[in-house]
file query_39.pdb (PDB, C-alpha atoms and all ligand atoms)
ATOM      1  CA  MET A   1     -21.177  -2.936  15.232  1.00  0.00           C
ATOM      2  CA  THR A   2     -17.589  -3.925  15.885  1.00  0.00           C
ATOM      3  CA  ALA A   3     -14.801  -1.408  15.539  1.00  0.00           C
ATOM      4  CA  VAL A   4     -13.529  -3.291  12.495  1.00  0.00           C
ATOM      5  CA  ALA A   5     -16.917  -3.217  10.797  1.00  0.00           C
ATOM      6  CA  ALA A   6     -17.236   0.460  11.660  1.00  0.00           C
ATOM      7  CA  ALA A   7     -13.897   1.117  10.017  1.00  0.00           C
ATOM      8  CA  ALA A   8     -14.935  -0.772   6.903  1.00  0.00           C
ATOM      9  CA  THR A   9     -18.067   1.332   6.507  1.00  0.00           C
ATOM     10  CA  LEU A  10     -16.504   4.699   7.288  1.00  0.00           C
ATOM     11  CA  GLY A  11     -16.353   5.544   3.607  1.00  0.00           C
ATOM     12  CA  ALA A  12     -19.991   4.718   2.986  1.00  0.00           C
ATOM     13  CA  CYS A  13     -21.193   6.904   5.866  1.00  0.00           C
ATOM     14  CA  THR A  14     -19.489  10.144   4.936  1.00  0.00           C
ATOM     15  CA  ALA A  15     -21.181  12.526   2.521  1.00  0.00           C
ATOM     16  CA  VAL A  16     -18.637  14.527   0.557  1.00  0.00           C
ATOM     17  CA  PRO A  17     -18.759  16.835  -2.442  1.00  0.00           C
ATOM     18  CA  GLY A  18     -18.099  15.217  -5.812  1.00  0.00           C
ATOM     19  CA  LEU A  19     -14.785  15.165  -7.598  1.00  0.00           C
ATOM     20  CA  THR A  20     -14.420  17.539 -10.508  1.00  0.00           C
ATOM     21  CA  SER A  21     -13.246  16.002 -13.754  1.00  0.00           C
ATOM     22  CA  SER A  22     -10.284  18.392 -13.825  1.00  0.00           C
ATOM     23  CA  THR A  23      -9.177  17.123 -10.419  1.00  0.00           C
ATOM     24  CA  ALA A  24      -9.473  13.530 -11.606  1.00  0.00           C
ATOM     25  CA  ALA A  25      -7.512  14.367 -14.733  1.00  0.00           C
ATOM     26  CA  ALA A  26      -4.777  16.107 -12.747  1.00  0.00           C
ATOM     27  CA  LEU A  27      -4.461  13.114 -10.475  1.00  0.00           C
ATOM     28  CA  SER A  28      -4.515  10.470 -13.172  1.00  0.00           C
ATOM     29  CA  HIS A  29      -1.846  12.293 -15.138  1.00  0.00           C
ATOM     30  CA  GLY A  30       0.744  12.727 -12.481  1.00  0.00           C
ATOM     31  CA  PRO A  31       1.829  12.250  -8.906  1.00  0.00           C
ATOM     32  CA  ALA A  32       1.817  15.179  -6.523  1.00  0.00           C
ATOM     33  CA  ARG A  33       4.285  17.773  -7.678  1.00  0.00           C
ATOM     34  CA  LEU A  34       6.819  18.968  -5.147  1.00  0.00           C
ATOM     35  CA  GLY A  35       5.337  21.726  -3.029  1.00  0.00           C
ATOM     36  CA  ALA A  36       1.835  21.298  -4.466  1.00  0.00           C
ATOM     37  CA  PRO A  37      -0.866  19.652  -2.367  1.00  0.00           C
ATOM     38  CA  ALA A  38      -2.194  16.412  -3.865  1.00  0.00           C
ATOM     39  CA  PRO A  39      -5.658  16.855  -5.364  1.00  0.00           C
ATOM     40  CA  VAL A  40      -8.453  15.278  -3.326  1.00  0.00           C
ATOM     41  CA  VAL A  41     -10.320  12.426  -4.988  1.00  0.00           C
ATOM     42  CA  ASP A  42     -13.738  11.282  -3.797  1.00  0.00           C
ATOM     43  CA  CYS A  43     -13.638   7.517  -4.249  1.00  0.00           C
ATOM     44  CA  ARG A  44     -17.416   7.323  -3.779  1.00  0.00           C
ATOM     45  CA  VAL A  45     -17.709   9.074  -7.141  1.00  0.00           C
ATOM     46  CA  THR A  46     -14.518   8.029  -8.909  1.00  0.00           C
ATOM     47  CA  LYS A  47     -13.259   4.457  -9.460  1.00  0.00           C
ATOM     48  CA  CYS A  48     -10.168   4.379  -7.250  1.00  0.00           C
ATOM     49  CA  VAL A  49      -7.551   1.703  -6.825  1.00  0.00           C
ATOM     50  CA  ALA A  50      -4.463   1.561  -4.608  1.00  0.00           C
ATOM     51  CA  LEU A  51      -1.411  -0.436  -5.620  1.00  0.00           C
ATOM     52  CA  THR A  52       0.594  -1.492  -2.580  1.00  0.00           C
ATOM     53  CA  PHE A  53       4.031  -3.097  -2.423  1.00  0.00           C
ATOM     54  CA  ASP A  54       5.352  -4.984   0.608  1.00  0.00           C
ATOM     55  CA  ASP A  55       8.729  -6.177   1.918  1.00  0.00           C
ATOM     56  CA  GLY A  56      11.009  -3.589   0.328  1.00  0.00           C
ATOM     57  CA  PRO A  57      12.969  -1.759  -0.455  1.00  0.00           C
ATOM     58  CA  THR A  58      15.079  -4.337  -2.259  1.00  0.00           C
ATOM     59  CA  GLN A  59      17.182  -4.477  -5.408  1.00  0.00           C
ATOM     60  CA  TYR A  60      13.869  -4.581  -7.383  1.00  0.00           C
ATOM     61  CA  THR A  61      12.306  -1.435  -5.922  1.00  0.00           C
ATOM     62  CA  ALA A  62      14.041   1.009  -8.275  1.00  0.00           C
ATOM     63  CA  ALA A  63      12.527  -0.796 -11.290  1.00  0.00           C
ATOM     64  CA  ILE A  64       9.039  -0.327  -9.840  1.00  0.00           C
ATOM     65  CA  LEU A  65       9.713   3.346  -9.101  1.00  0.00           C
ATOM     66  CA  ASP A  66      10.897   3.796 -12.708  1.00  0.00           C
ATOM     67  CA  VAL A  67       7.583   2.375 -13.946  1.00  0.00           C
ATOM     68  CA  LEU A  68       5.469   4.480 -11.569  1.00  0.00           C
ATOM     69  CA  GLU A  69       7.305   7.655 -12.548  1.00  0.00           C
ATOM     70  CA  ARG A  70       7.103   6.862 -16.275  1.00  0.00           C
ATOM     71  CA  GLN A  71       3.364   6.156 -16.062  1.00  0.00           C
ATOM     72  CA  HIS A  72       2.613   9.013 -13.653  1.00  0.00           C
ATOM     73  CA  ALA A  73       1.177   6.754 -10.974  1.00  0.00           C
ATOM     74  CA  VAL A  74       1.604   6.613  -7.203  1.00  0.00           C
ATOM     75  CA  ALA A  75       1.602   3.617  -4.867  1.00  0.00           C
ATOM     76  CA  THR A  76       1.881   2.728  -1.198  1.00  0.00           C
ATOM     77  CA  PHE A  77       4.984   0.928   0.047  1.00  0.00           C
ATOM     78  CA  PHE A  78       5.111  -1.059   3.299  1.00  0.00           C
ATOM     79  CA  LEU A  79       8.749  -1.141   4.332  1.00  0.00           C
ATOM     80  CA  ILE A  80      10.722  -3.540   6.461  1.00  0.00           C
ATOM     81  CA  GLY A  81      12.652  -1.228   8.834  1.00  0.00           C
ATOM     82  CA  PRO A  82      16.190  -2.514   8.211  1.00  0.00           C
ATOM     83  CA  HIS A  83      15.540  -2.491   4.448  1.00  0.00           C
ATOM     84  CA  ALA A  84      14.621   1.188   4.690  1.00  0.00           C
ATOM     85  CA  LEU A  85      18.015   1.843   6.284  1.00  0.00           C
ATOM     86  CA  GLN A  86      19.800  -0.206   3.625  1.00  0.00           C
ATOM     87  CA  TYR A  87      18.010   1.356   0.618  1.00  0.00           C
ATOM     88  CA  ARG A  88      17.624   4.941   1.800  1.00  0.00           C
ATOM     89  CA  LYS A  89      17.802   6.314  -1.739  1.00  0.00           C
ATOM     90  CA  ASP A  90      14.730   4.348  -2.795  1.00  0.00           C
ATOM     91  CA  VAL A  91      12.796   5.444   0.299  1.00  0.00           C
ATOM     92  CA  LEU A  92      13.623   9.096  -0.365  1.00  0.00           C
ATOM     93  CA  ARG A  93      12.606   8.626  -3.991  1.00  0.00           C
ATOM     94  CA  GLN A  94       9.241   7.177  -2.886  1.00  0.00           C
ATOM     95  CA  GLN A  95       8.733  10.169  -0.627  1.00  0.00           C
ATOM     96  CA  ARG A  96       9.695  12.608  -3.404  1.00  0.00           C
ATOM     97  CA  ASP A  97       7.350  10.922  -5.886  1.00  0.00           C
ATOM     98  CA  GLY A  98       4.312  11.307  -3.601  1.00  0.00           C
ATOM     99  CA  ASP A  99       4.086   7.619  -2.764  1.00  0.00           C
ATOM    100  CA  ALA A 100       2.822   6.677   0.700  1.00  0.00           C
ATOM    101  CA  ILE A 101       5.127   4.811   3.072  1.00  0.00           C
ATOM    102  CA  GLY A 102       4.048   2.400   5.797  1.00  0.00           C
ATOM    103  CA  ASP A 103       5.498   0.108   8.470  1.00  0.00           C
ATOM    104  CA  HIS A 104       5.994  -3.621   7.747  1.00  0.00           C
ATOM    105  CA  THR A 105       7.935  -4.495  10.948  1.00  0.00           C
ATOM    106  CA  VAL A 106      11.600  -5.261  11.612  1.00  0.00           C
ATOM    107  CA  THR A 107      11.824  -9.045  11.204  1.00  0.00           C
ATOM    108  CA  HIS A 108       8.697  -9.840   9.155  1.00  0.00           C
ATOM    109  CA  SER A 109       7.392 -12.296  11.758  1.00  0.00           C
ATOM    110  CA  HIS A 110       3.886 -13.660  12.328  1.00  0.00           C
ATOM    111  CA  LEU A 111       2.936 -11.069  14.956  1.00  0.00           C
ATOM    112  CA  THR A 112      -0.031 -13.065  16.248  1.00  0.00           C
ATOM    113  CA  ARG A 113       2.433 -15.642  17.596  1.00  0.00           C
ATOM    114  CA  LEU A 114       4.467 -13.076  19.543  1.00  0.00           C
ATOM    115  CA  PRO A 115       4.010 -11.619  23.034  1.00  0.00           C
ATOM    116  CA  ALA A 116       2.663  -8.063  23.241  1.00  0.00           C
ATOM    117  CA  ALA A 117       6.037  -6.543  24.144  1.00  0.00           C
ATOM    118  CA  ARG A 118       7.642  -8.055  21.061  1.00  0.00           C
ATOM    119  CA  ILE A 119       4.815  -6.796  18.824  1.00  0.00           C
ATOM    120  CA  ASP A 120       5.375  -3.298  20.237  1.00  0.00           C
ATOM    121  CA  TYR A 121       9.085  -3.623  19.505  1.00  0.00           C
ATOM    122  CA  GLU A 122       8.454  -4.692  15.905  1.00  0.00           C
ATOM    123  CA  LEU A 123       6.129  -1.764  15.166  1.00  0.00           C
ATOM    124  CA  GLU A 124       7.978   0.955  17.096  1.00  0.00           C
ATOM    125  CA  THR A 125      11.450   0.038  15.915  1.00  0.00           C
ATOM    126  CA  ALA A 126      10.497  -0.180  12.243  1.00  0.00           C
ATOM    127  CA  ALA A 127       8.598   3.120  12.547  1.00  0.00           C
ATOM    128  CA  GLY A 128      11.728   4.727  14.020  1.00  0.00           C
ATOM    129  CA  GLN A 129      13.960   3.286  11.300  1.00  0.00           C
ATOM    130  CA  ILE A 130      11.637   4.596   8.582  1.00  0.00           C
ATOM    131  CA  ALA A 131      11.400   7.999  10.297  1.00  0.00           C
ATOM    132  CA  SER A 132      15.194   8.208  10.481  1.00  0.00           C
ATOM    133  CA  VAL A 133      15.176   8.220   6.659  1.00  0.00           C
ATOM    134  CA  THR A 134      12.009  10.175   5.818  1.00  0.00           C
ATOM    135  CA  GLY A 135      11.757  12.483   8.822  1.00  0.00           C
ATOM    136  CA  HIS A 136       8.184  11.297   9.423  1.00  0.00           C
ATOM    137  CA  ARG A 137       6.846   8.451  11.530  1.00  0.00           C
ATOM    138  CA  PRO A 138       4.547   6.308   9.413  1.00  0.00           C
ATOM    139  CA  THR A 139       0.810   6.186  10.152  1.00  0.00           C
ATOM    140  CA  LEU A 140       0.140   3.063   8.070  1.00  0.00           C
ATOM    141  CA  PHE A 141       0.985  -0.501   9.004  1.00  0.00           C
ATOM    142  CA  ARG A 142       0.631  -3.772   7.166  1.00  0.00           C
ATOM    143  CA  PRO A 143       1.040  -6.926   9.242  1.00  0.00           C
ATOM    144  CA  PRO A 144       3.370  -9.513   7.692  1.00  0.00           C
ATOM    145  CA  PHE A 145       1.364 -12.381   6.126  1.00  0.00           C
ATOM    146  CA  GLY A 146      -1.760 -10.306   6.827  1.00  0.00           C
ATOM    147  CA  ALA A 147      -1.735 -11.864  10.298  1.00  0.00           C
ATOM    148  CA  TRP A 148      -3.477  -9.656  12.850  1.00  0.00           C
ATOM    149  CA  ASN A 149      -5.613 -10.075  15.971  1.00  0.00           C
ATOM    150  CA  ALA A 150      -6.822  -7.874  18.817  1.00  0.00           C
ATOM    151  CA  LYS A 151      -3.311  -7.715  20.306  1.00  0.00           C
ATOM    152  CA  VAL A 152      -1.812  -6.549  17.000  1.00  0.00           C
ATOM    153  CA  ARG A 153      -4.559  -3.959  16.519  1.00  0.00           C
ATOM    154  CA  ALA A 154      -4.006  -2.608  20.018  1.00  0.00           C
ATOM    155  CA  ALA A 155      -0.254  -2.315  19.423  1.00  0.00           C
ATOM    156  CA  ALA A 156      -0.869  -0.556  16.103  1.00  0.00           C
ATOM    157  CA  GLY A 157      -3.322   1.848  17.712  1.00  0.00           C
ATOM    158  CA  ALA A 158      -0.868   2.687  20.495  1.00  0.00           C
ATOM    159  CA  GLU A 159       1.795   3.427  17.872  1.00  0.00           C
ATOM    160  CA  GLY A 160      -0.601   5.669  15.888  1.00  0.00           C
ATOM    161  CA  LEU A 161      -0.812   3.166  13.034  1.00  0.00           C
ATOM    162  CA  SER A 162      -3.820   2.140  10.947  1.00  0.00           C
ATOM    163  CA  VAL A 163      -3.836  -1.521   9.876  1.00  0.00           C
ATOM    164  CA  VAL A 164      -4.011  -1.692   6.073  1.00  0.00           C
ATOM    165  CA  MET A 165      -4.952  -5.082   4.645  1.00  0.00           C
ATOM    166  CA  TRP A 166      -5.983  -5.722   1.022  1.00  0.00           C
ATOM    167  CA  ASN A 167      -8.801  -7.279  -0.967  1.00  0.00           C
ATOM    168  CA  VAL A 168      -6.928  -8.155  -4.170  1.00  0.00           C
ATOM    169  CA  SER A 169      -3.842 -10.358  -4.216  1.00  0.00           C
ATOM    170  CA  ALA A 170      -1.906 -11.616  -7.221  1.00  0.00           C
ATOM    171  CA  LYS A 171      -0.017 -14.027  -4.960  1.00  0.00           C
ATOM    172  CA  ASP A 172       3.147 -12.815  -6.655  1.00  0.00           C
ATOM    173  CA  TRP A 173       5.054 -14.521  -3.823  1.00  0.00           C
ATOM    174  CA  LYS A 174       3.819 -17.826  -5.246  1.00  0.00           C
ATOM    175  CA  TYR A 175       3.374 -17.195  -8.972  1.00  0.00           C
ATOM    176  CA  HIS A 176       6.674 -15.939 -10.371  1.00  0.00           C
ATOM    177  CA  ASN A 177       5.201 -15.168 -13.775  1.00  0.00           C
ATOM    178  CA  PRO A 178       4.545 -11.529 -14.802  1.00  0.00           C
ATOM    179  CA  HIS A 179       1.712 -12.392 -17.184  1.00  0.00           C
ATOM    180  CA  LEU A 180      -0.094 -14.452 -14.551  1.00  0.00           C
ATOM    181  CA  ILE A 181       0.410 -11.708 -11.931  1.00  0.00           C
ATOM    182  CA  GLU A 182      -1.146  -9.190 -14.333  1.00  0.00           C
ATOM    183  CA  GLN A 183      -4.046 -11.534 -15.152  1.00  0.00           C
ATOM    184  CA  ARG A 184      -4.763 -12.264 -11.495  1.00  0.00           C
ATOM    185  CA  VAL A 185      -4.878  -8.569 -10.560  1.00  0.00           C
ATOM    186  CA  LEU A 186      -7.067  -7.588 -13.511  1.00  0.00           C
ATOM    187  CA  ALA A 187      -9.496 -10.456 -12.938  1.00  0.00           C
ATOM    188  CA  ARG A 188     -10.028  -9.460  -9.302  1.00  0.00           C
ATOM    189  CA  VAL A 189      -9.837  -5.659  -9.271  1.00  0.00           C
ATOM    190  CA  ARG A 190     -12.932  -3.627  -8.453  1.00  0.00           C
ATOM    191  CA  PRO A 191     -13.552  -0.004  -7.430  1.00  0.00           C
ATOM    192  CA  GLY A 192     -11.995   0.786  -4.057  1.00  0.00           C
ATOM    193  CA  ALA A 193      -9.590  -2.157  -4.295  1.00  0.00           C
ATOM    194  CA  ILE A 194      -6.377  -2.291  -2.319  1.00  0.00           C
ATOM    195  CA  ILE A 195      -4.026  -4.520  -4.332  1.00  0.00           C
ATOM    196  CA  VAL A 196      -1.094  -6.247  -2.654  1.00  0.00           C
ATOM    197  CA  LEU A 197       2.119  -6.893  -4.588  1.00  0.00           C
ATOM    198  CA  HIS A 198       5.715  -7.305  -3.451  1.00  0.00           C
ATOM    199  CA  ASP A 199       8.857  -5.451  -4.503  1.00  0.00           C
ATOM    200  CA  ARG A 200      11.017  -8.398  -3.471  1.00  0.00           C
ATOM    201  CA  TYR A 201      10.683 -10.655  -6.538  1.00  0.00           C
ATOM    202  CA  ALA A 202      12.257 -10.155  -9.971  1.00  0.00           C
ATOM    203  CA  THR A 203       9.007 -11.269 -11.640  1.00  0.00           C
ATOM    204  CA  THR A 204       6.784  -8.537 -10.178  1.00  0.00           C
ATOM    205  CA  PRO A 205       8.212  -5.319 -11.769  1.00  0.00           C
ATOM    206  CA  PRO A 206       7.619  -6.528 -15.381  1.00  0.00           C
ATOM    207  CA  ALA A 207       3.904  -6.994 -14.574  1.00  0.00           C
ATOM    208  CA  VAL A 208       3.415  -3.479 -13.190  1.00  0.00           C
ATOM    209  CA  PRO A 209       3.387  -1.406 -16.434  1.00  0.00           C
ATOM    210  CA  HIS A 210       0.707  -3.663 -17.932  1.00  0.00           C
ATOM    211  CA  ILE A 211      -1.374  -3.543 -14.753  1.00  0.00           C
ATOM    212  CA  ILE A 212      -1.228   0.272 -14.658  1.00  0.00           C
ATOM    213  CA  ASP A 213      -2.093   0.615 -18.362  1.00  0.00           C
ATOM    214  CA  ALA A 214      -5.059  -1.749 -18.039  1.00  0.00           C
ATOM    215  CA  LEU A 215      -6.378  -0.068 -14.886  1.00  0.00           C
ATOM    216  CA  LYS A 216      -6.209   3.360 -16.521  1.00  0.00           C
ATOM    217  CA  ALA A 217      -7.920   2.001 -19.642  1.00  0.00           C
ATOM    218  CA  ARG A 218     -10.762   0.781 -17.406  1.00  0.00           C
ATOM    219  CA  GLY A 219     -11.162   4.263 -15.939  1.00  0.00           C
ATOM    220  CA  TYR A 220      -9.441   3.716 -12.596  1.00  0.00           C
ATOM    221  CA  VAL A 221      -7.572   6.483 -10.802  1.00  0.00           C
ATOM    222  CA  LEU A 222      -4.445   5.172  -9.058  1.00  0.00           C
ATOM    223  CA  ILE A 223      -3.935   6.775  -5.668  1.00  0.00           C
ATOM    224  CA  THR A 224      -2.243   6.061  -2.362  1.00  0.00           C
ATOM    225  CA  VAL A 225      -4.068   4.442   0.550  1.00  0.00           C
ATOM    226  CA  PRO A 226      -4.328   7.725   2.561  1.00  0.00           C
ATOM    227  CA  GLN A 227      -5.622   9.542  -0.555  1.00  0.00           C
ATOM    228  CA  MET A 228      -8.228   6.800  -0.960  1.00  0.00           C
ATOM    229  CA  PHE A 229      -9.687   7.615   2.467  1.00  0.00           C
ATOM    230  CA  ALA A 230      -9.189  11.399   2.361  1.00  0.00           C
ATOM    231  CA  THR A 231     -12.888  12.134   1.775  1.00  0.00           C
ATOM    232  CA  ALA A 232     -14.082   9.285   4.011  1.00  0.00           C
ATOM    233  CA  GLY A 233     -12.970  10.622   7.373  1.00  0.00           C
ATOM    234  CA  GLY A 234      -9.349   9.494   6.958  1.00  0.00           C
ATOM    235  CA  LEU A 235      -7.713   6.432   8.436  1.00  0.00           C
ATOM    236  CA  GLN A 236      -7.944   5.908  12.202  1.00  0.00           C
ATOM    237  CA  PRO A 237      -5.145   4.359  14.282  1.00  0.00           C
ATOM    238  CA  GLY A 238      -5.908   0.815  15.432  1.00  0.00           C
ATOM    239  CA  PHE A 239      -8.627   0.290  12.816  1.00  0.00           C
ATOM    240  CA  VAL A 240      -8.377  -2.325  10.082  1.00  0.00           C
ATOM    241  CA  TYR A 241      -9.044  -1.480   6.421  1.00  0.00           C
ATOM    242  CA  HIS A 242      -9.416  -4.017   3.620  1.00  0.00           C
ATOM    243  CA  HIS A 243     -10.575  -1.695   0.851  1.00  0.00           C
ATOM    244  CA  GLY A 244     -11.501   1.895   0.201  1.00  0.00           C
ATOM    245  CA  PRO A 245     -14.816   3.560  -0.603  1.00  0.00           C
ATOM    246  CA  SER A 246     -16.343   2.949  -4.038  1.00  0.00           C
ATOM    247  CA  PRO A 247     -19.149   4.421  -6.158  1.00  0.00           C
ATOM    248  CA  THR A 248     -22.507   2.835  -5.312  1.00  0.00           C
TER     249      THR A 248
HETATM  250 ZN    ZN B   1       5.439  -8.930   3.824  1.00  0.00          ZN
END

call {"tool": "encode", "arguments": {"input": "query_39.pdb", "output": "structure tokens"}}
result
Amino acid sequence: MTAVAAAATLGACTAVPGLTSSTAAALSHGPARLGAPAPVVDCRVTKCVALTFDDGPTQYTAAILDVLERQHAVATFFLIGPHALQYRKDVLRQQRDGDAIGDHTVTHSHLTRLPAARIDYELETAAGQIASVTGHRPTLFRPPFGAWNAKVRAAAGAEGLSVVMWNVSAKDWKYHNPHLIEQRVLARVRPGAIIVLHDRYATTPPAVPHIIDALKARGYVLITVPQMFATAGGLQPGFVYHHGPSPT
């Protein structure tokens, strides 16, 4: 079994106690309160989904944070380092809200086309820029354009980063239509899904409230990527994840 395949099956190999309905209710009704540990959800029992947003923060990020706060949902944001420095307030708000924060490089380049030293620079520098705002080095990384290879995985592993891909895309970078973005997500979502969206287009935030409402109506619990793997052995640096565990 390859390391990647092993990572993909981590969730299915780990026996964990079931989630109590009160824990699920607490999680579905609100993000982690300040000072209180986030409840643990077992995604092998509960239908989990992780909304992720790439390329921010931008001028559109605050609108998405408004929606998440209003609907008591959390998400995972993959930040471009210089954007984190420019929109510190939004990054701190993500951190306060219990959202997860990951590395999305400095220049948003196709890393597979770069020499190893430049890949290291992209990951390390963005991680440092994010840490200068949050006080914590990220442990999650999403490669720009989803472009990764053995070199990129090795660089991520050396930097202590897990490679987080996705298995549901609305292609909101192509379809600038909130209704279509919503339809595409809801047609493709399944338990354990990691959904990729972008907080860099004006047409994405208006889709988010409808997506969250519909997911909740279908019985999904919205959690961050690390929460999704909390009962599945966690996320390992240098491993690649396309989706989380799901009920069998
Ligand atoms: Zn991106």

call {"tool": "resolve_selection", "arguments": {"input": "query_39.pdb", "expression": "the PyMOL selection byres (((chain A and resi 75) around 9) and not hetatm)", "output": "number ranges by chain"}}
result
A: 50-53, 68, 73-74, 76-77, 94, 98-101, 222-225

call {"tool": "atom_distance", "arguments": {"input": "query_39.pdb", "atom1": "atom CA of Pro57 of chain A", "atom2": "atom CA of Ala217 of chain A"}}
result
28.6 Å

call {"tool": "residues_near_ligand", "arguments": {"input": "query_39.pdb", "ligand": "ligand ZN 1 (chain B)", "cutoff": "10 Å", "atoms": "all atoms listed in the file", "output": "JSON, numbers by chain"}}
result
{"A": [53, 54, 55, 56, 78, 79, 80, 104, 105, 107, 108, 109, 110, 142, 143, 144, 145, 146, 173, 196, 197, 198, 199, 200]}

call {"tool": "write_last_selection", "arguments": {"input": "query_39.pdb", "atoms": "C-alpha atoms", "output": "compact mmCIF listing (two decimals), in the frame of the given file"}}
result
# COMPACT_ATOMS: atom_id res chain seq x y z
CA PHE A 53 4.03 -3.10 -2.42
CA ASP A 54 5.35 -4.98 0.61
CA ASP A 55 8.73 -6.18 1.92
CA GLY A 56 11.01 -3.59 0.33
CA PHE A 78 5.11 -1.06 3.30
CA LEU A 79 8.75 -1.14 4.33
CA ILE A 80 10.72 -3.54 6.46
CA HIS A 104 5.99 -3.62 7.75
CA THR A 105 7.94 -4.50 10.95
CA THR A 107 11.82 -9.04 11.20
CA HIS A 108 8.70 -9.84 9.15
CA SER A 109 7.39 -12.30 11.76
CA HIS A 110 3.89 -13.66 12.33
CA ARG A 142 0.63 -3.77 7.17
CA PRO A 143 1.04 -6.93 9.24
CA PRO A 144 3.37 -9.51 7.69
CA PHE A 145 1.36 -12.38 6.13
CA GLY A 146 -1.76 -10.31 6.83
CA TRP A 173 5.05 -14.52 -3.82
CA VAL A 196 -1.09 -6.25 -2.65
CA LEU A 197 2.12 -6.89 -4.59
CA HIS A 198 5.72 -7.30 -3.45
CA ASP A 199 8.86 -5.45 -4.50
CA ARG A 200 11.02 -8.40 -3.47

call {"tool": "closest_residue", "arguments": {"input": "query_39.pdb", "among": "A:Val189, A:Ala232, A:Ile195, A:Leu85", "to": "Lys47 of chain A", "atoms": "all atoms listed in the file"}}
result
A:Val189

call {"tool": "resolve_selection", "arguments": {"input": "query_39.pdb", "expression": "the PyMOL selection byres (((chain A and resi 175) around 12) and not hetatm)", "output": "PyMOL selection string"}}
result
chain A and resi 169-174+176-184+197-198+201-204+207

call {"tool": "write_last_selection", "arguments": {"input": "query_39.pdb", "atoms": "C-alpha atoms", "output": "PDB file, keeping the file's coordinate frame"}}
result
ATOM      1  CA  SER A 169      -3.842 -10.358  -4.216  1.00  0.00           C
ATOM      2  CA  ALA A 170      -1.906 -11.616  -7.221  1.00  0.00           C
ATOM      3  CA  LYS A 171      -0.017 -14.027  -4.960  1.00  0.00           C
ATOM      4  CA  ASP A 172       3.147 -12.815  -6.655  1.00  0.00           C
ATOM      5  CA  TRP A 173       5.054 -14.521  -3.823  1.00  0.00           C
ATOM      6  CA  LYS A 174       3.819 -17.826  -5.246  1.00  0.00           C
ATOM      7  CA  HIS A 176       6.674 -15.939 -10.371  1.00  0.00           C
ATOM      8  CA  ASN A 177       5.201 -15.168 -13.775  1.00  0.00           C
ATOM      9  CA  PRO A 178       4.545 -11.529 -14.802  1.00  0.00           C
ATOM     10  CA  HIS A 179       1.712 -12.392 -17.184  1.00  0.00           C
ATOM     11  CA  LEU A 180      -0.094 -14.452 -14.551  1.00  0.00           C
ATOM     12  CA  ILE A 181       0.410 -11.708 -11.931  1.00  0.00           C
ATOM     13  CA  GLU A 182      -1.146  -9.190 -14.333  1.00  0.00           C
ATOM     14  CA  GLN A 183      -4.046 -11.534 -15.152  1.00  0.00           C
ATOM     15  CA  ARG A 184      -4.763 -12.264 -11.495  1.00  0.00           C
ATOM     16  CA  LEU A 197       2.119  -6.893  -4.588  1.00  0.00           C
ATOM     17  CA  HIS A 198       5.715  -7.305  -3.451  1.00  0.00           C
ATOM     18  CA  TYR A 201      10.683 -10.655  -6.538  1.00  0.00           C
ATOM     19  CA  ALA A 202      12.257 -10.155  -9.971  1.00  0.00           C
ATOM     20  CA  THR A 203       9.007 -11.269 -11.640  1.00  0.00           C
ATOM     21  CA  THR A 204       6.784  -8.537 -10.178  1.00  0.00           C
ATOM     22  CA  ALA A 207       3.904  -6.994 -14.574  1.00  0.00           C
TER      23      ALA A 207
END

call {"tool": "axis_aligned_box", "arguments": {"input": "query_39.pdb", "around": "segment 149-163 of chain A", "padding_each_side": "5 Å", "output": "lines of an AutoDock Vina configuration file"}}
result
center_x = -2.5
center_y = -2.2
center_z = 15.2
size_x = 18.6
size_y = 25.7
size_z = 20.6

call {"tool": "residues_around", "arguments": {"input": "query_39.pdb", "residues": "Gln86 of chain A", "least_positions_apart": "4", "cutoff": "10 Å", "atoms": "only C-alpha atoms", "output": "short mmCIF file (atom, residue, chain, number, x, y, z; two decimals) with C-alpha atoms, keeping the file's coordinate frame"}}
result
data_model
loop_
_atom_site.label_atom_id
_atom_site.label_comp_id
_atom_site.auth_asym_id
_atom_site.auth_seq_id
_atom_site.Cartn_x
_atom_site.Cartn_y
_atom_site.Cartn_z
CA GLY A 56 11.01 -3.59 0.33
CA PRO A 57 12.97 -1.76 -0.46
CA THR A 58 15.08 -4.34 -2.26
CA GLY A 81 12.65 -1.23 8.83
CA PRO A 82 16.19 -2.51 8.21
CA ASP A 90 14.73 4.35 -2.80
CA VAL A 91 12.80 5.44 0.30
#

call {"tool": "atom_distance", "arguments": {"input": "query_39.pdb", "atom1": "atom CA of Gln95 of chain A", "atom2": "atom CA of Val133 of chain A"}}
result
9.9 Å

call {"tool": "closest_residue", "arguments": {"input": "query_39.pdb", "among": "A:Met228, A:Ala193, A:Tyr60, A:Pro237", "to": "Ala155 of chain A", "atoms": "all atoms listed in the file"}}
result
A:Pro237

call {"tool": "closest_residue", "arguments": {"input": "query_39.pdb", "among": "A:Lys151, A:Arg137, A:His243, A:Arg113", "to": "Pro191 of chain A", "atoms": "all atoms listed in the file"}}
result
A:His243

call {"tool": "closest_residue", "arguments": {"input": "query_39.pdb", "among": "A:Arg93, A:Arg188, A:Arg44, A:Arg88", "to": "Ala63 of chain A", "atoms": "all atoms listed in the file"}}
result
A:Arg93

call {"tool": "atom_distance", "arguments": {"input": "query_39.pdb", "atom1": "atom CA of Ala158 of chain A", "atom2": "atom CA of His83 of chain A"}}
result
23.5 Å

call {"tool": "closest_residue", "arguments": {"input": "query_39.pdb", "among": "A:Ile119, A:Leu161, A:Val67, A:Ala147", "to": "Gly238 of chain A", "atoms": "all atoms listed in the file"}}
result
A:Leu161

call {"tool": "closest_residue", "arguments": {"input": "query_39.pdb", "among": "A:Val185, A:Val163, A:Ala150, A:Val41", "to": "Tyr241 of chain A", "atoms": "all atoms listed in the file"}}
result
A:Val163
